[in-house]
Amino acid sequence: MRFKVTVLPGDGIGPEVAGEGIKVLERAGERFGYNFNLHYGLIGGAAIAETGSALPPETLHMCQECDVILLGAVGDPRFDDPKREIHPEDGLLGLRKGLSLFANLRPVNIFPSLIDSSTLKPEVIKDVDLIIVRELTGGLYFGQPKRRWQEEGKRKAVDTLFYSEEEIRRILKVGFEIARGRRKKLSSVDKANVLQSSRLWREMAMEVAMEYPDVELEHILVDACAMRLIRRPSEFDVIVTENMFGDIITDEASMLSSSLGMLPSASISGLPQGRTLGMYEPVHGSSPRRAGKDMANPIATILSVALMLRYSLGLKEEALAVERAVQSTLEEGYRTYDIMGEGKTKVGTKEMGNLIAQRI
Ligand code: IPM
Ligand code: MG
């Protein structure tokens with residue numbers, strides 16, 4: 001079996017972590033008898049530097065023609081000036097929108113060997129096993145109007161939090177379906193005490209819940225959710241939420257698992273049923289300060305490869321093999337700088353990738 005993979009290394013540490021992701025993917029292919037045809041494309045700052053566009057049409061085309069996409073990271077200080085028209089991040093947003101990758105899945109699990117690396121107490125995080133389902137192609141990121149202007153010499157700006165009922169229904173359904181396959185608890189996160197879009201969201205959640213009588217639905221306000229995530233995170237099973245809320249609480253949730261360098265993500269265009277187009281990427285950004293230093297933790301990307309095998313290629317056993325390889329590497333005491341602890345062995349990006357690949 002042959003799969004066509006588009007690789008978008010992107011900016012900063014992106015190429016380094018994507019390289020290790022590919023190393024592990026190819027090792028899994030060797031071990032289980034699959035071939036991966038890799039096609040490399042430009043995105044983000046790297047694409048702006050070369051073509052002037054953050055998402056060149058060839059890149060979008062490659063992504064439309066392949067089975068899955070692996071992305072490193074985007075973000076480049078050379079193009080950060082807020083007055084610029086085009087930003088590296090536009091490439092990522094354009095891809096999400098252009099491929100209708102409306103469901104972003106960000107699982108948070110605790111590796112027992114890392115329990116002491118978290119800044120939170122072991123007893124708080126020890127039973128954490130949750131997944132955040134973030135809406136990815138609507139809300140504040142994309143709503144119109146979205147612009148800056150001047151009136152009587154004063155600067156003004158607007159972003160719009162817009163959702164249609166179809167957009168809300170389809171992401172809620174992903175949340176319910178995933179909850180059905182897990183502990184059957186869905187927390188719908190909104191700000192219905194203030195926002196109209198959240199009131200619609202809550203109404204829709206109650207409607208969709210009728211189709212899932214076996215799943216227990218709770219509504220929780222986003223501020224309360226932020227608090228409960230560090231107070232009693234193990235109470236959560238599946239969280240479903242709006243784009244911006246999801247962006248914020250997933251960075252927060254990454255700290256449960258000790259480092260942003262550990263959190264994978266899947267962005268898909270439907271239910272995670274094994275043959276769905278998807279883009280897989282670490283939750284972390286391009287970390288320009290660490291770029292080119294062989295320091296970055298590649299585990300978030302490697303775990304994203306596991307999600308790719310499971311959700312887009314239907315290769316469950318292979319996904320598990322990657323996750324187990326990560327686990328044994330950590331159990332044997334290997335650590336990148338971000339998860340380093342006393343008495344552990346510090347390794348760089350490449351060596352971490354090698355160690356994990358060898359254990360598949
Ligand atoms: C993420 C990132 C992106 C986002 C940035 C890089 C545009 O923070 O995937 O969480 O805000 O969605
Ligand atoms: Mg984010």
# chains A, B, ... in the order shown; residues from 1 in each chain; ligands from 1
call {"tool": "residues_near_ligand", "arguments": {"ligand": "ligand 2", "cutoff": "12 Å", "atoms": "only C-alpha atoms and all ligand atoms", "output": "PyMOL selection string"}}
result
chain A and resi 73-75+89+92-93+104+106+134+136+141+243-254+260+263-265+281-286
call {"tool": "residues_around", "arguments": {"residues": "Leu70 of chain A", "least_positions_apart": "6", "cutoff": "9 Å", "atoms": "only C-alpha atoms", "output": "list in words"}}
result
Val5, Thr6, Val7, Leu8, Pro9, Ala18, Gly21, Ile22, Gly278, Met279, Tyr280, Glu281, Thr301, Ser304, Val305 and Met308 of chain A
call {"tool": "write_last_selection", "arguments": {"atoms": "C-alpha atoms", "output": "PDB file, in the first residue's frame"}}
result
ATOM      1  CA  VAL A   5       1.962  12.564   1.945  1.00  0.00           C
ATOM      2  CA  THR A   6       2.390  16.305   1.575  1.00  0.00           C
ATOM      3  CA  VAL A   7       5.059  17.605   3.931  1.00  0.00           C
ATOM      4  CA  LEU A   8       5.004  21.298   4.803  1.00  0.00           C
ATOM      5  CA  PRO A   9       8.043  21.965   7.004  1.00  0.00           C
ATOM      6  CA  ALA A  18       8.811  17.603  10.637  1.00  0.00           C
ATOM      7  CA  GLY A  21       8.069  12.998  12.169  1.00  0.00           C
ATOM      8  CA  ILE A  22       8.912  11.733   8.689  1.00  0.00           C
ATOM      9  CA  GLY A 278      -6.362  15.542   7.430  1.00  0.00           C
ATOM     10  CA  MET A 279      -3.529  17.829   8.329  1.00  0.00           C
ATOM     11  CA  TYR A 280      -1.357  16.788  11.237  1.00  0.00           C
ATOM     12  CA  GLU A 281       0.805  19.187  13.165  1.00  0.00           C
ATOM     13  CA  THR A 301       5.066  16.010  15.771  1.00  0.00           C
ATOM     14  CA  SER A 304       0.803  13.815  15.344  1.00  0.00           C
ATOM     15  CA  VAL A 305       2.127  11.156  12.961  1.00  0.00           C
ATOM     16  CA  MET A 308      -2.349  10.609  11.124  1.00  0.00           C
TER      17      MET A 308
END
call {"tool": "closest_residue", "arguments": {"among": "A:Gln273, A:Ser197, A:Gln64, A:Thr137", "to": "ligand 1", "atoms": "only C-alpha atoms and all ligand atoms"}}
result
A:Thr137
call {"tool": "select_by_dssp", "arguments": {"residues": "segment 44-196 of chain A", "states": "strand (DSSP E)", "output": "compact mmCIF listing (two decimals) with C-alpha atoms, in the first residue's frame"}}
result
# COMPACT_ATOMS: atom_id res chain seq x y z
CA VAL A 68 -2.54 13.36 4.26
CA ILE A 69 -0.55 16.42 5.23
CA LEU A 70 2.19 16.74 7.83
CA LEU A 71 2.99 20.29 8.87
CA GLY A 72 5.91 21.49 11.00
CA ALA A 73 5.08 25.01 12.18
CA ALA A 103 -12.45 19.75 13.20
CA ASN A 104 -9.27 20.11 15.20
CA LEU A 105 -8.61 17.30 17.66
CA ARG A 106 -6.10 17.84 20.43
CA PRO A 107 -5.78 14.89 22.81
CA VAL A 108 -4.08 15.41 26.16
CA ASN A 109 -2.67 12.33 27.87
CA ASP A 129 -7.15 11.65 29.64
CA LEU A 130 -9.06 14.22 27.64
CA ILE A 131 -9.47 15.44 24.11
CA ILE A 132 -10.30 18.93 22.98
CA VAL A 133 -12.37 19.24 19.80
CA ARG A 134 -11.81 22.75 18.49
CA GLU A 135 -13.86 24.28 15.66
CA GLY A 143 -15.83 36.14 10.53
CA GLN A 144 -16.45 39.27 8.47
CA PRO A 145 -16.04 42.19 8.89
CA LYS A 146 -12.42 41.82 9.88
CA ARG A 147 -10.38 44.93 9.26
CA ARG A 148 -8.62 48.04 10.49
CA TRP A 149 -9.48 51.60 9.59
CA GLN A 150 -9.12 55.20 10.74
CA GLU A 151 -11.79 57.67 11.71
CA LYS A 154 -8.13 57.46 15.42
CA ARG A 155 -7.31 53.84 14.68
CA LYS A 156 -10.08 51.27 14.92
CA ALA A 157 -10.22 47.53 14.29
CA VAL A 158 -12.86 44.84 14.23
CA ASP A 159 -13.05 41.04 14.22
CA THR A 160 -16.34 39.20 14.08
CA LYS A 185 -18.98 12.68 28.59
CA LEU A 186 -19.09 15.81 26.46
CA SER A 187 -18.35 19.27 27.85
CA SER A 188 -19.57 21.97 25.52
CA VAL A 189 -17.64 25.16 26.23
CA ASP A 190 -19.17 28.54 25.46
call {"tool": "closest_residue", "arguments": {"among": "A:Phe102, A:Phe32, A:Phe3, A:Tyr334", "to": "ligand 1", "atoms": "only C-alpha atoms and all ligand atoms"}}
result
A:Phe102
